[in-house]
file protein.cif (mmCIF, C-alpha atoms)
data_work
#
loop_
_atom_site.label_atom_id
_atom_site.label_comp_id
_atom_site.auth_asym_id
_atom_site.auth_seq_id
_atom_site.Cartn_x
_atom_site.Cartn_y
_atom_site.Cartn_z
CA MET A 1 -2.32 96.92 112.20
CA GLU A 2 -1.66 93.98 114.49
CA TRP A 3 -2.03 91.60 111.55
CA VAL A 4 0.47 93.60 109.51
CA LEU A 5 3.04 93.44 112.30
CA PHE A 6 2.32 89.77 112.94
CA LEU A 7 2.70 88.83 109.27
CA THR A 8 5.90 90.87 108.96
CA PHE A 9 7.52 89.23 111.97
CA ALA A 10 6.17 85.79 111.11
CA LEU A 11 7.42 85.89 107.51
CA LEU A 12 10.78 87.24 108.67
CA ALA A 13 11.14 84.51 111.30
CA GLY A 14 10.05 81.74 108.93
CA ALA A 15 12.22 82.89 106.03
CA ALA A 16 15.28 83.34 108.23
CA ALA A 17 14.74 79.90 109.79
CA VAL A 18 14.54 78.25 106.36
CA ALA A 19 17.63 80.18 105.25
CA MET A 20 19.41 79.02 108.42
CA VAL A 21 18.89 75.39 107.51
CA LEU A 22 19.81 75.89 103.84
CA GLN A 23 23.01 77.94 104.31
CA ARG A 24 26.24 76.11 103.61
CA ASN A 25 28.40 78.45 105.68
CA PRO A 26 27.79 78.16 109.45
CA VAL A 27 28.48 81.89 110.01
CA TYR A 28 25.58 82.81 107.70
CA SER A 29 23.44 80.22 109.47
CA ALA A 30 24.17 81.86 112.81
CA LEU A 31 23.31 85.31 111.43
CA CYS A 32 20.02 84.01 109.98
CA LEU A 33 19.18 82.51 113.37
CA ILE A 34 19.81 85.89 115.01
CA ILE A 35 17.29 87.46 112.56
CA THR A 36 14.80 84.77 113.59
CA PHE A 37 15.37 85.60 117.25
CA PHE A 38 14.77 89.31 116.71
CA ALA A 39 11.56 88.64 114.76
CA GLN A 40 10.46 86.36 117.55
CA ALA A 41 11.12 89.08 120.13
CA GLY A 42 8.78 91.30 118.08
CA LEU A 43 6.12 88.59 118.27
CA TYR A 44 6.54 88.42 122.05
CA ILE A 45 5.92 92.17 122.23
CA LEU A 46 2.78 91.69 120.12
CA LEU A 47 1.71 89.10 122.71
CA HIS A 48 2.20 91.65 125.52
CA ALA A 49 5.14 89.71 126.98
CA GLN A 50 7.62 92.57 127.16
CA LEU A 51 9.87 91.05 129.79
CA ILE A 52 10.20 87.79 127.85
CA ALA A 53 10.96 89.74 124.66
CA PHE A 54 13.91 91.58 126.16
CA VAL A 55 15.24 88.62 128.11
CA HIS A 56 14.98 86.65 124.85
CA ILE A 57 17.11 89.19 122.98
CA ILE A 58 19.68 89.43 125.78
CA VAL A 59 20.01 85.69 126.37
CA TYR A 60 19.69 84.34 122.82
CA ALA A 61 20.98 87.04 120.50
CA GLY A 62 23.37 88.41 123.11
CA ALA A 63 24.82 85.40 124.87
CA ILE A 64 24.05 82.16 123.05
CA MET A 65 24.67 83.31 119.48
CA VAL A 66 27.88 85.11 120.46
CA LEU A 67 29.04 81.81 121.94
CA PHE A 68 28.10 80.08 118.67
CA LEU A 69 29.99 82.63 116.57
CA PHE A 70 33.03 82.34 118.82
CA VAL A 71 33.11 78.57 118.40
CA ILE A 72 32.55 78.81 114.62
CA MET A 73 35.48 81.21 114.28
CA LEU A 74 37.58 79.11 116.64
CA LEU A 75 37.08 75.97 114.55
CA ASP A 76 37.65 77.60 111.10
CA LEU A 77 35.40 75.34 109.03
CA ARG A 78 35.14 74.86 105.31
CA PRO A 79 31.67 75.33 103.81
CA GLU A 80 29.73 72.10 103.78
CA GLU A 81 28.38 70.66 100.55
CA LEU A 82 24.72 69.83 101.01
CA PRO A 83 23.63 66.35 99.97
CA PRO A 84 20.80 66.26 97.42
CA MET A 85 17.38 65.75 98.99
CA GLN A 86 15.81 62.41 98.22
CA PHE A 87 12.40 61.27 99.34
CA ARG A 88 10.86 57.84 99.21
CA ARG A 89 7.12 57.61 98.93
CA ALA A 90 6.22 55.20 101.75
CA PRO A 91 8.01 56.87 104.73
CA VAL A 92 6.70 60.30 103.75
CA LEU A 93 3.16 58.92 103.51
CA LEU A 94 3.49 57.16 106.87
CA GLY A 95 4.85 60.32 108.47
CA LEU A 96 1.99 62.41 107.11
CA VAL A 97 -0.58 59.91 108.40
CA LEU A 98 1.02 59.85 111.86
CA ALA A 99 1.30 63.65 111.97
CA GLY A 100 -2.35 63.98 110.96
CA ALA A 101 -3.38 61.51 113.68
CA LEU A 102 -1.38 63.44 116.29
CA LEU A 103 -2.85 66.75 115.16
CA ALA A 104 -6.41 65.40 115.27
CA GLU A 105 -5.76 63.96 118.72
CA LEU A 106 -4.47 67.30 119.99
CA ALA A 107 -7.32 69.26 118.38
CA LEU A 108 -10.02 66.95 119.76
CA GLY A 109 -8.34 66.30 123.11
CA ILE A 110 -7.23 69.71 124.28
CA GLY A 111 -8.88 72.03 121.74
CA PRO A 112 -12.26 72.24 123.52
CA ARG A 113 -10.53 72.70 126.87
CA ILE A 114 -8.56 75.65 125.50
CA ILE A 115 -11.62 77.28 123.98
CA LEU A 116 -14.09 76.60 126.80
CA GLY A 117 -11.77 76.05 129.75
CA PRO A 118 -11.07 78.41 132.65
CA ARG A 119 -9.07 81.61 132.21
CA GLY A 120 -6.39 82.86 134.57
CA PRO A 121 -6.54 86.22 136.34
CA HIS A 122 -3.93 87.98 134.17
CA ASP A 123 -5.69 89.45 131.15
CA VAL A 124 -4.26 92.39 129.24
CA GLU A 125 -6.10 95.06 131.20
CA THR A 126 -4.97 93.67 134.56
CA LEU A 127 -1.40 93.45 133.33
CA ARG A 128 -1.54 97.03 132.10
CA ILE A 129 -2.33 98.12 135.67
CA LEU A 130 -0.09 95.70 137.56
CA GLY A 131 2.81 95.58 135.10
CA ASN A 132 3.98 92.51 133.20
CA THR A 133 7.44 92.38 134.76
CA GLN A 134 6.14 92.77 138.31
CA GLU A 135 3.57 90.02 137.90
CA VAL A 136 6.00 87.56 136.26
CA GLY A 137 8.47 88.27 139.06
CA ARG A 138 5.82 87.75 141.70
CA ILE A 139 4.81 84.37 140.26
CA LEU A 140 8.42 83.33 139.68
CA PHE A 141 9.49 84.07 143.24
CA ARG A 142 6.36 82.76 144.98
CA GLU A 143 4.84 79.78 143.20
CA TYR A 144 7.98 78.73 141.33
CA LEU A 145 10.61 79.58 143.93
CA ILE A 146 12.01 76.06 144.35
CA PRO A 147 12.28 75.33 140.58
CA PHE A 148 13.88 78.74 140.20
CA GLU A 149 16.50 77.93 142.82
CA LEU A 150 17.08 74.53 141.22
CA THR A 151 17.95 76.15 137.89
CA SER A 152 21.03 77.55 139.59
CA VAL A 153 22.20 73.95 140.04
CA ILE A 154 21.70 73.36 136.29
CA LEU A 155 23.73 76.45 135.43
CA LEU A 156 26.49 75.53 137.88
CA SER A 157 26.78 71.97 136.58
CA ALA A 158 26.74 73.24 132.99
CA MET A 159 29.55 75.65 133.80
CA VAL A 160 31.67 72.97 135.45
CA GLY A 161 30.88 70.51 132.66
CA ALA A 162 31.82 72.98 129.92
CA LEU A 163 35.12 73.78 131.63
CA VAL A 164 36.00 70.10 132.11
CA LEU A 165 35.10 69.22 128.51
CA ALA A 166 36.79 72.13 126.78
CA LYS A 167 39.97 72.18 128.88
CA ARG A 168 43.08 70.89 127.17
CA ARG A 169 44.34 67.69 128.75
CA SER A 170 47.65 68.34 130.53
CA GLU A 171 49.79 65.35 129.64
CA MET B 1 -6.51 90.61 117.39
CA VAL B 2 -4.37 87.89 115.86
CA PRO B 3 -5.94 84.56 116.85
CA LEU B 4 -4.17 81.75 118.69
CA TRP B 5 -4.05 79.42 115.69
CA ALA B 6 -1.85 81.85 113.75
CA TYR B 7 0.80 81.72 116.45
CA LEU B 8 0.48 77.93 116.76
CA LEU B 9 0.85 77.58 112.98
CA LEU B 10 4.00 79.72 112.99
CA SER B 11 5.58 77.90 115.90
CA GLY B 12 4.71 74.55 114.35
CA PHE B 13 6.40 75.67 111.14
CA LEU B 14 9.52 76.81 113.02
CA PHE B 15 9.63 73.49 114.89
CA ILE B 16 9.39 71.52 111.63
CA VAL B 17 12.18 73.59 110.10
CA GLY B 18 14.26 72.76 113.17
CA VAL B 19 13.52 69.05 112.85
CA VAL B 20 14.45 69.10 109.15
CA GLY B 21 17.67 70.89 110.06
CA VAL B 22 18.61 68.27 112.66
CA ALA B 23 17.73 65.43 110.30
CA THR B 24 19.46 66.67 107.14
CA ARG B 25 22.53 68.69 108.15
CA ARG B 26 25.91 67.12 108.87
CA ASN B 27 27.56 70.05 110.63
CA ALA B 28 27.19 69.59 114.39
CA LEU B 29 27.06 73.37 114.93
CA ILE B 30 24.11 73.79 112.57
CA ILE B 31 22.39 70.82 114.20
CA PHE B 32 22.77 72.66 117.50
CA MET B 33 21.32 75.84 116.01
CA ALA B 34 18.33 73.84 114.72
CA ILE B 35 17.80 72.49 118.24
CA GLU B 36 17.78 76.08 119.51
CA LEU B 37 15.18 76.88 116.87
CA MET B 38 12.97 74.05 118.10
CA LEU B 39 13.25 75.25 121.70
CA ASN B 40 12.28 78.72 120.54
CA ALA B 41 9.26 77.43 118.67
CA VAL B 42 8.07 75.84 121.91
CA ASN B 43 8.72 79.11 123.77
CA LEU B 44 6.52 80.92 121.26
CA THR B 45 3.75 78.39 121.92
CA PHE B 46 4.11 78.93 125.67
CA VAL B 47 3.85 82.71 125.37
CA ALA B 48 0.92 82.53 122.93
CA PHE B 49 -1.03 80.22 125.23
CA SER B 50 -0.14 82.41 128.22
CA ARG B 51 -1.64 85.40 126.40
CA PHE B 52 -4.82 83.65 125.30
CA LEU B 53 -5.47 81.81 128.57
CA HIS B 54 -4.75 84.98 130.62
CA SER B 55 -2.17 83.22 132.75
CA LEU B 56 1.46 84.13 133.30
CA ASP B 57 2.63 80.60 134.15
CA GLY B 58 3.61 80.07 130.51
CA GLN B 59 5.99 83.03 130.64
CA VAL B 60 7.61 81.64 133.79
CA PHE B 61 8.12 78.35 131.96
CA VAL B 62 9.81 80.21 129.12
CA PHE B 63 12.40 81.34 131.67
CA PHE B 64 13.12 77.76 132.63
CA VAL B 65 13.37 76.71 128.98
CA MET B 66 15.85 79.55 128.37
CA THR B 67 17.95 78.44 131.35
CA VAL B 68 18.08 74.88 130.10
CA ALA B 69 18.87 76.09 126.57
CA ALA B 70 21.77 78.21 127.83
CA ALA B 71 23.18 75.32 129.86
CA GLU B 72 22.72 72.96 126.91
CA VAL B 73 24.55 75.31 124.54
CA ALA B 74 27.48 75.74 126.93
CA VAL B 75 27.93 71.99 127.37
CA GLY B 76 27.18 71.19 123.73
CA LEU B 77 29.70 73.66 122.33
CA ALA B 78 32.31 72.34 124.78
CA ILE B 79 31.60 68.82 123.46
CA ILE B 80 31.96 70.05 119.87
CA ILE B 81 35.30 71.68 120.70
CA ALA B 82 36.53 68.51 122.39
CA LEU B 83 35.30 66.49 119.39
CA PHE B 84 37.08 68.79 116.94
CA ARG B 85 40.27 68.48 118.94
CA ASN B 86 40.15 64.68 118.84
CA ALA B 87 38.61 63.93 115.44
CA GLU B 88 39.51 67.13 113.47
CA THR B 89 35.96 67.37 112.15
CA VAL B 90 32.50 68.58 113.18
CA TYR B 91 30.64 66.57 110.54
CA VAL B 92 28.59 64.03 112.39
CA ASP B 93 28.77 61.39 109.65
CA GLU B 94 32.57 61.38 109.81
CA ILE B 95 32.52 60.64 113.54
CA HIS B 96 31.89 56.93 113.99
CA LEU B 97 34.03 55.94 116.96
CA LEU B 98 31.44 53.52 118.28
CA LYS B 99 31.28 51.53 115.04
CA GLY B 100 34.52 49.75 115.93
#

call {"tool": "encode", "arguments": {"input": "protein.cif", "output": "structure tokens"}}
result
Amino acid sequence: MEWVLFLTFALLAGAAAVAMVLQRNPVYSALCLIITFFAQAGLYILLHAQLIAFVHIIVYAGAIMVLFLFVIMLLDLRPEELPPMQFRRAPVLLGLVLAGALLAELALGIGPRIILGPRGPHDVETLRILGNTQEVGRILFREYLIPFELTSVILLSAMVGALVLAKRRSE
Amino acid sequence: MVPLWAYLLLSGFLFIVGVVGVATRRNALIIFMAIELMLNAVNLTFVAFSRFLHSLDGQVFVFFVMTVAAAEVAVGLAIIIALFRNAETVYVDEIHLLKG
């Protein structure tokens, strides 16, 4: 059952992501990306991260993609013609070798630590008793309180920056 | 139970699709969407590891990534609007002000 749900969401997310990159019209790209986000929220629920799943839908599908669609409609673009893909042998080969080296490094370096290493206190049974949202909130406001407060500075500077950049110059 | 490698495989695939999108597309908006896709692939990795290592720190980090992504989108879209106002295009290969 879990595999069926995982494969459904995974195929949906992957297919929508590929479609997002291949679409010529940016509006369709944005809609495909929204499908990817919803499938990903389903995967978060499968991973017992309910809070993250709903925050993900609200922030990404609700706020960020609406902003994208607004800007796309504001700019009124013509569909883009995609250039034909062309690959040369040597760079592809070099990239594959480097990617393989990186993957082997990761697998040998951190793989054993993940499999054999220590586990935290929050397994599924504990979270079922304590509640996912409560525990995430407790960690966020205790151990990560200062980073959490600092994110408000990021949001404030982003807000000011966006206003300054998008404002029409009064000349 | 779905093992960890399945989630890592999926998020790696999503990240690669994002990289290909950034590298091949000319429309700045779609490049931005591909960057969002890459951030989301990393978020999926965080949550998967958080589940399999029984630790909620990964989920807290996802919050921070989301905050940075939201700020980045706000500033990035403002830059694209300013760019469109000045250069009348959002295609990154038509914008070559620094070439002189």

call {"tool": "closest_atom_pairs", "arguments": {"input": "protein.cif", "of": "chain B", "to": "chain A", "cutoff": "6 Å", "atoms": "only C-alpha atoms", "output": "CSV"}}
result
residue,atom,partner,partner_atom,distance
B:Gly21,CA,A:Val21,CA,5.3
B:Leu53,CA,A:Arg119,CA,5.1
B:His54,CA,A:Asp123,CA,4.6
B:Ser55,CA,A:Gly120,CA,4.6
B:Ala71,CA,A:Ala158,CA,5.2
B:Ala74,CA,A:Ala162,CA,5.9
B:Val75,CA,A:Ala162,CA,4.8
B:Ala78,CA,A:Ala166,CA,4.9
B:Ala82,CA,A:Ala166,CA,5.7

call {"tool": "atom_distance", "arguments": {"input": "protein.cif", "atom1": "atom CA of B:Ile35", "atom2": "atom CA of B:Glu72"}}
result
10.0 Å

call {"tool": "atom_distance", "arguments": {"input": "protein.cif", "atom1": "atom CA of B:Val22", "atom2": "atom CA of A:Gly42"}}
result
25.6 Å

call {"tool": "resolve_selection", "arguments": {"input": "protein.cif", "expression": "the PyMOL selection byres ((chain B and resi 42-51) around 7)", "output": "PyMOL selection string"}}
result
(chain A and resi 47) or (chain B and resi 4+7-8+11+38-41+52-59+62)

call {"tool": "resolve_selection", "arguments": {"input": "protein.cif", "expression": "the PyMOL selection byres ((chain B and resi 91) around 8)", "output": "mmCIF file with C-alpha atoms, in the frame of the given file"}}
result
data_model
loop_
_atom_site.group_PDB
_atom_site.id
_atom_site.type_symbol
_atom_site.label_atom_id
_atom_site.label_comp_id
_atom_site.auth_asym_id
_atom_site.auth_seq_id
_atom_site.Cartn_x
_atom_site.Cartn_y
_atom_site.Cartn_z
ATOM 1 C CA ARG B 26 25.910 67.120 108.870
ATOM 2 C CA ASN B 27 27.560 70.050 110.630
ATOM 3 C CA ALA B 28 27.190 69.590 114.390
ATOM 4 C CA THR B 89 35.960 67.370 112.150
ATOM 5 C CA VAL B 90 32.500 68.580 113.180
ATOM 6 C CA VAL B 92 28.590 64.030 112.390
ATOM 7 C CA ASP B 93 28.770 61.390 109.650
ATOM 8 C CA GLU B 94 32.570 61.380 109.810
ATOM 9 C CA ILE B 95 32.520 60.640 113.540
#

call {"tool": "atom_distance", "arguments": {"input": "protein.cif", "atom1": "atom CA of A:Ile35", "atom2": "atom CA of B:Val17"}}
result
15.0 Å

call {"tool": "closest_residue", "arguments": {"input": "protein.cif", "among": "B:Ala87, B:Leu98, B:Leu29, B:Leu9", "to": "B:Val73", "atoms": "all atoms listed in the file"}}
result
B:Leu29

call {"tool": "closest_residue", "arguments": {"input": "protein.cif", "among": "B:Ile30, B:Val68, B:Phe63, B:His96", "to": "B:Gly18", "atoms": "all atoms listed in the file"}}
result
B:Ile30
